[in-house]
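Everything below concerns the one structure shown next.
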Amino acid sequence: MAETAQQSLYAAQEKIYPREIDGVFARLRIVAMVVLLGAYYLAAWIKWDGRQALLFDLPARKFYVLGLVLWPQDFFFLSWLLIIAALSLFFFTALAGRIWCGYACPQTVWTEAFLWMEYLVEGKGAARRKLDASPWSANKVWRKSAKQALWIAFSLWTGFTFVGYFTPIRQLGAEVVSLSLGGWETFWILFYGFATYGNAGFMREQVCKYMCPYARFQSAMFDKDTLIVSYDQRRGEPRGSRARGSDPRAQKLGDCIDCRMCVQVCPTGIDIRKGLQYECIACAACIDACDGVMDKMQYPRGLIRYSTQHAMDGHKTDVIRPRIVVYATLLTLLCGGFITALVLRKPIDLDVIRDRNALFRESRPGYIENVYTLRVINKDNQRHVYDVKADGLPTLTVETDPAEVEVGPGEVRSIAARALVEDGAAPGGGHTITFRLTAQDAPALTVTKNARLFTP
Amino acid sequence: MDAGSDPQQRDDGPQLHELSRRQRDLAVAGWSSFLIAAIGSMVTFAFVDPMTLVEITEPPLPVERMTGYAIGFFFIWLLTAASAALTLYLLRTSHAEPPQRD
């Protein structure tokens with residue numbers, strides 16, 4: 001029993017030949033595709049201050065984002081950004097359903113690009129179906145190899161661009177032209193190119209149906225006020241074919257003429273009239289198809305439309321509801337905090353680690369000494385020499401070895417520091433003192449850190 | 001599936017899709033482990049410089065930082081893929097179905 005259930009879950013599927021469709025949402029999808037792919041392929045070439053504007057320099061372990069240089073110590077910004085991205089996905093899913101899937105997901109966008117190339121070479125869905133069914137001929141060989149050549153070239157270009165975000169892309173381009181590409185660069189270009197080809201050319205909607213985790217849990221963000229692509233059951237049923245111009249009411253028919261256009265255009269091959277299904281990526285191709293048919297039949301548009309469960313049931317749709325308010329508030333706080341942290345970010349950091357071997361010792365007569373290790377992190381793009389000072393107790397002085405702390409760009413340096421107070425200057429016990437690190441050439445570059453100092 | 005038993009769909013000439021059940025299992029295991037390995041190696045190498053690992057490796061490996069990243073990524077992917085494949089294998093070969101709760 002269980003075995004048959006699993007069998008049917010994994011039953012061999014028909015290859016899907018989505019029919020091309022024109023309409024408002026199809027054009028919106030093309031705009032999204034051009035903008036997103038354009039950004040991906042062009043951004044790597046933009047320069048900023050004489051270097052690549054967006055470069056994740058893994059060999060040197062630093063990230064350039066426009067005017068900003070981020071070091072591994074700034075990893076928290078990246079994780080913060082990822083949290084914002086995840087929360088945005090929740091927010092937009094609750095509000096507008098799977099618009100991510102339909103318009104912005106790389107899987108959708110690249111599949112769209114691959115479908116377009118297929119359409120260029122092999123023609124429309126029906127022609128492709130015929131070509132696939134026909135025996136091998138010169139025409140078929142030519143069309144199939146032209147398509148593969150286009151796909152492979154596009155995949156390699158995608159892989160090249162991807163690696164171009166990690167190795168300066170102009171240098172990479174010169175290496176490709178002079179055939180002097182490094183081993184790992186070649187490997188990653190082929191790897192990413194292969195992944196693009198596999199996902200967008202071969203797997204396509206199977207990725208959404210069988211491999212995408214978001215497709216499985218997105219329904220958790222849905223409620224009855226979420227925008228979904230839906231078929232108006234009350235208006236459409238009972239469906240059935242009819243002569244054009246005849247009165248459907250007299251034949252006891254709804255507005256759906258059962259032409260199956262909505263099924264034929266669906267890239268995942270589902271029938272939206274059966275209700276919301278997890279395979280639906282909300283691409284709205286069925287809306288465009290149905291609107292075209294409704295126009296021809298001279299029925300009002302929108303038999304299939306973006307709507308909400310509440311609207312379909314004849315209730316009011318609440319856009320502002322607790323879930324949306326909570327997501328929006330969190331998102332605003334996180335974004336505000338992120339920008340503030342980025343603006344206030346100082347390219348300097350200091351850690352103070354107390355020597356655990358001794359609380360204190362009498363170093364020279366009349367003085368009490370505490371020993372620390374200072375970790376100086378220079379996150380700036382240039383070398384700095386820093387002075388170390390300490391305050392918080394009378395007669396407190398600090399000596400470091402060496403006296404001046406020189407740290408190169410993006411480097412971390414640990415130095416020994418001794419804090420000295422005159423015996424009797426402070427009552428016995430623990431005291432809080434403050435270390436202050438200041439760049440000699442830029443007094444604004446300063447950071448303070450508290451530490452404990454013990455006296456007898 | 002009921003789409004396949006639909007007469008209108010059949011007229012268009014059904015074609016079997018390329019992916020079999022085993023291929024799909026492999027795709028799922030490979031993909032989910034890839035996603036986790038990508039995140040895992042990103043987090044790992046944000047905090048650990050592969051060169052410090054190279055220094056403490058025995059016997060010493062004459063590798064560069066980029067090789068270190070690649071080895072790290074594929075090692076993590078190997079682990080996550082093995083775990084994903086084992087999970088799928090155990091689920092697929094189990095005879096006892098958990099009781100249906102309703």
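Chain identifiers are assigned as A, B, and so on, following the order in which chains appear in the structure tokens; residues are numbered from 1 within each chain, and ligands are numbered from 1 in order of appearance.
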Checklist line | Contacts of Tyr192 in chain A within 12 Å, only C-alpha atoms, excl. fewer than 2 positions in-chain, as a PyMOL selection string | finding: chain A and resi 152+154-164+184-190+194-200
Considering only C-alpha atoms, return as an mmCIF file with N, CA and C atoms, in the first residue's frame whatever protein or nucleic-acid residues lie within 9 Å of range 372-381 of chain A, sequence-local ones (same chain, fewer than 3 positions apart) excluded.
```cif
data_model
loop_
_atom_site.group_PDB
_atom_site.id
_atom_site.type_symbol
_atom_site.label_atom_id
_atom_site.label_comp_id
_atom_site.auth_asym_id
_atom_site.auth_seq_id
_atom_site.Cartn_x
_atom_site.Cartn_y
_atom_site.Cartn_z
ATOM 1 N N VAL A 69 35.089 48.175 2.449
ATOM 2 C CA VAL A 69 35.899 46.960 2.466
ATOM 3 C C VAL A 69 35.517 46.178 3.714
ATOM 4 N N LEU A 70 35.086 44.950 3.525
ATOM 5 C CA LEU A 70 34.666 44.140 4.664
ATOM 6 C C LEU A 70 35.673 43.023 4.897
ATOM 7 N N TRP A 71 36.013 42.805 6.167
ATOM 8 C CA TRP A 71 36.973 41.774 6.552
ATOM 9 C C TRP A 71 36.229 40.619 7.190
ATOM 10 N N GLN A 73 36.193 39.775 10.060
ATOM 11 C CA GLN A 73 35.625 40.219 11.340
ATOM 12 C C GLN A 73 34.244 40.839 11.166
ATOM 13 N N ASP A 74 33.911 41.210 9.928
ATOM 14 C CA ASP A 74 32.616 41.847 9.674
ATOM 15 C C ASP A 74 31.563 40.837 9.238
ATOM 16 N N LYS A 346 33.396 51.358 12.614
ATOM 17 C CA LYS A 346 34.732 51.943 12.617
ATOM 18 C C LYS A 346 35.713 50.892 12.143
ATOM 19 N N PRO A 347 36.619 51.287 11.279
ATOM 20 C CA PRO A 347 37.556 50.282 10.758
ATOM 21 C C PRO A 347 38.658 49.962 11.756
ATOM 22 N N ILE A 348 38.274 49.751 13.019
ATOM 23 C CA ILE A 348 39.256 49.441 14.057
ATOM 24 C C ILE A 348 38.542 48.642 15.126
ATOM 25 N N ASP A 349 39.232 47.714 15.748
ATOM 26 C CA ASP A 349 38.637 46.966 16.850
ATOM 27 C C ASP A 349 39.726 46.538 17.830
ATOM 28 N N LEU A 350 39.321 46.323 19.059
ATOM 29 C CA LEU A 350 40.273 46.004 20.120
ATOM 30 C C LEU A 350 39.662 44.966 21.056
ATOM 31 N N ASP A 351 40.412 43.927 21.340
ATOM 32 C CA ASP A 351 40.031 42.955 22.366
ATOM 33 C C ASP A 351 41.079 43.011 23.473
ATOM 34 N N VAL A 352 40.624 42.956 24.719
ATOM 35 C CA VAL A 352 41.556 42.947 25.844
ATOM 36 C C VAL A 352 41.391 41.625 26.581
ATOM 37 N N ILE A 353 42.463 40.864 26.670
ATOM 38 C CA ILE A 353 42.416 39.569 27.349
ATOM 39 C C ILE A 353 43.363 39.631 28.544
ATOM 40 N N ARG A 354 42.816 39.397 29.754
ATOM 41 C CA ARG A 354 43.653 39.452 30.966
ATOM 42 C C ARG A 354 44.538 38.233 31.053
ATOM 43 N N ASP A 355 45.733 38.424 31.533
ATOM 44 C CA ASP A 355 46.629 37.298 31.786
ATOM 45 C C ASP A 355 46.057 36.490 32.940
ATOM 46 N N ARG A 356 45.838 35.205 32.728
ATOM 47 C CA ARG A 356 45.164 34.408 33.748
ATOM 48 C C ARG A 356 46.119 33.850 34.798
ATOM 49 N N HIS A 384 48.194 51.579 9.880
ATOM 50 C CA HIS A 384 48.107 52.608 10.918
ATOM 51 C C HIS A 384 49.071 52.281 12.053
ATOM 52 N N VAL A 405 52.144 50.542 18.259
ATOM 53 C CA VAL A 405 51.535 49.363 17.658
ATOM 54 C C VAL A 405 51.294 49.642 16.182
ATOM 55 N N VAL A 407 50.008 48.182 12.663
ATOM 56 C CA VAL A 407 49.222 47.073 12.116
ATOM 57 C C VAL A 407 48.897 47.370 10.657
ATOM 58 N N GLY A 408 49.163 46.409 9.793
ATOM 59 C CA GLY A 408 48.895 46.557 8.367
ATOM 60 C C GLY A 408 47.413 46.481 8.061
ATOM 61 N N PRO A 409 47.009 46.841 6.835
ATOM 62 C CA PRO A 409 45.598 46.825 6.456
ATOM 63 C C PRO A 409 45.019 45.423 6.581
ATOM 64 N N GLY A 410 43.897 45.342 7.287
ATOM 65 C CA GLY A 410 43.209 44.063 7.407
ATOM 66 C C GLY A 410 43.928 43.053 8.272
ATOM 67 N N GLU A 411 44.900 43.504 9.031
ATOM 68 C CA GLU A 411 45.650 42.561 9.856
ATOM 69 C C GLU A 411 45.209 42.620 11.304
ATOM 70 N N VAL A 412 45.508 41.553 12.006
ATOM 71 C CA VAL A 412 45.220 41.466 13.427
ATOM 72 C C VAL A 412 46.547 41.250 14.124
ATOM 73 N N ARG A 413 46.795 41.996 15.188
ATOM 74 C CA ARG A 413 48.067 41.852 15.874
ATOM 75 C C ARG A 413 47.834 41.762 17.374
ATOM 76 N N SER A 414 48.474 40.808 17.995
ATOM 77 C CA SER A 414 48.381 40.660 19.445
ATOM 78 C C SER A 414 49.657 41.192 20.080
ATOM 79 N N ILE A 415 49.512 42.053 21.086
ATOM 80 C CA ILE A 415 50.697 42.569 21.783
ATOM 81 C C ILE A 415 50.479 42.472 23.286
ATOM 82 N N ALA A 416 51.597 42.413 24.011
ATOM 83 C CA ALA A 416 51.523 42.369 25.466
ATOM 84 C C ALA A 416 51.404 43.792 26.004
ATOM 85 N N ALA A 417 50.596 43.985 27.067
ATOM 86 C CA ALA A 417 50.446 45.306 27.678
ATOM 87 C C ALA A 417 50.509 45.156 29.193
ATOM 88 N N ARG A 418 51.226 46.101 29.839
ATOM 89 C CA ARG A 418 51.292 46.102 31.302
ATOM 90 C C ARG A 418 50.642 47.380 31.800
ATOM 91 N N ALA A 419 49.651 47.240 32.690
ATOM 92 C CA ALA A 419 49.050 48.412 33.329
ATOM 93 C C ALA A 419 49.656 48.560 34.709
ATOM 94 N N LEU A 437 42.569 52.979 22.306
ATOM 95 C CA LEU A 437 43.477 52.785 21.180
ATOM 96 C C LEU A 437 43.182 53.875 20.151
#
```
Using only C-alpha atoms, tabulate the residues of range 34-94 of chain B lying at most 12 Å from any atom of range 204-218 of chain A, each with its closest atom pair and that distance in Å to one decimal, by chain and increasing residue number, as a Markdown table.
```
| residue | atom | partner | partner_atom | distance |
| --- | --- | --- | --- | --- |
| B:Phe34 | CA | A:Met211 | CA | 11.2 |
| B:Leu35 | CA | A:Pro213 | CA | 10.1 |
| B:Ile36 | CA | A:Pro213 | CA | 11.6 |
```
Next item on the list: List every residue of range 17-178 of chain A that DSSP, applied to the backbone of this structure, places in strand (DSSP E or B), and write the result as a count of residues only.
Entry: 15
Notebook entry, point to check: Which polymer residues have any atom within 10 Å of an atom of Ala46 in chain B, counting only C-alpha atoms, with same-chain residues fewer than 6 positions away left out, as number ranges by chain?
Noted result: A: 58, 61-62, 71-76, 78; B: 40
Suppose we keep C-alpha atoms; can you now write the selection as a PDB file, in the first residue's frame?
```pdb
ATOM      1  CA  LEU A  58      38.712  35.152  -1.288  1.00  0.00           C
ATOM      2  CA  ARG A  61      40.027  37.362   2.534  1.00  0.00           C
ATOM      3  CA  LYS A  62      38.291  40.708   2.016  1.00  0.00           C
ATOM      4  CA  TRP A  71      36.973  41.774   6.552  1.00  0.00           C
ATOM      5  CA  PRO A  72      36.229  38.378   8.030  1.00  0.00           C
ATOM      6  CA  GLN A  73      35.625  40.219  11.340  1.00  0.00           C
ATOM      7  CA  ASP A  74      32.616  41.847   9.674  1.00  0.00           C
ATOM      8  CA  PHE A  75      30.948  38.517   8.993  1.00  0.00           C
ATOM      9  CA  PHE A  76      28.130  39.590  11.256  1.00  0.00           C
ATOM     10  CA  LEU A  78      26.645  39.314   6.108  1.00  0.00           C
TER      11      LEU A  78
ATOM     12  CA  GLY B  40      28.409  25.687   5.966  1.00  0.00           C
TER      13      GLY B  40
END
```
Item checked: Non-local contacts of Gly292 in chain A (8 Å; only C-alpha atoms; under 4 positions in same chain excluded) as a list in words -> Gly23, Asp288 and Lys296 of chain A
Atoms kept (N, CA and C atoms) for selection, written as a PDB file, in the first residue's frame:
```
ATOM      1  N   GLY A  23       0.911  38.620 -22.582  1.00  0.00           N
ATOM      2  CA  GLY A  23      -0.056  39.223 -21.678  1.00  0.00           C
ATOM      3  C   GLY A  23       0.682  40.086 -20.681  1.00  0.00           C
ATOM      4  N   ASP A 288      -2.786  35.193 -17.985  1.00  0.00           N
ATOM      5  CA  ASP A 288      -2.654  35.766 -19.322  1.00  0.00           C
ATOM      6  C   ASP A 288      -3.437  34.944 -20.347  1.00  0.00           C
ATOM      7  N   LYS A 296     -11.709  36.855 -26.309  1.00  0.00           N
ATOM      8  CA  LYS A 296     -12.266  36.287 -27.549  1.00  0.00           C
ATOM      9  C   LYS A 296     -13.729  35.932 -27.375  1.00  0.00           C
TER      10      LYS A 296
END
```
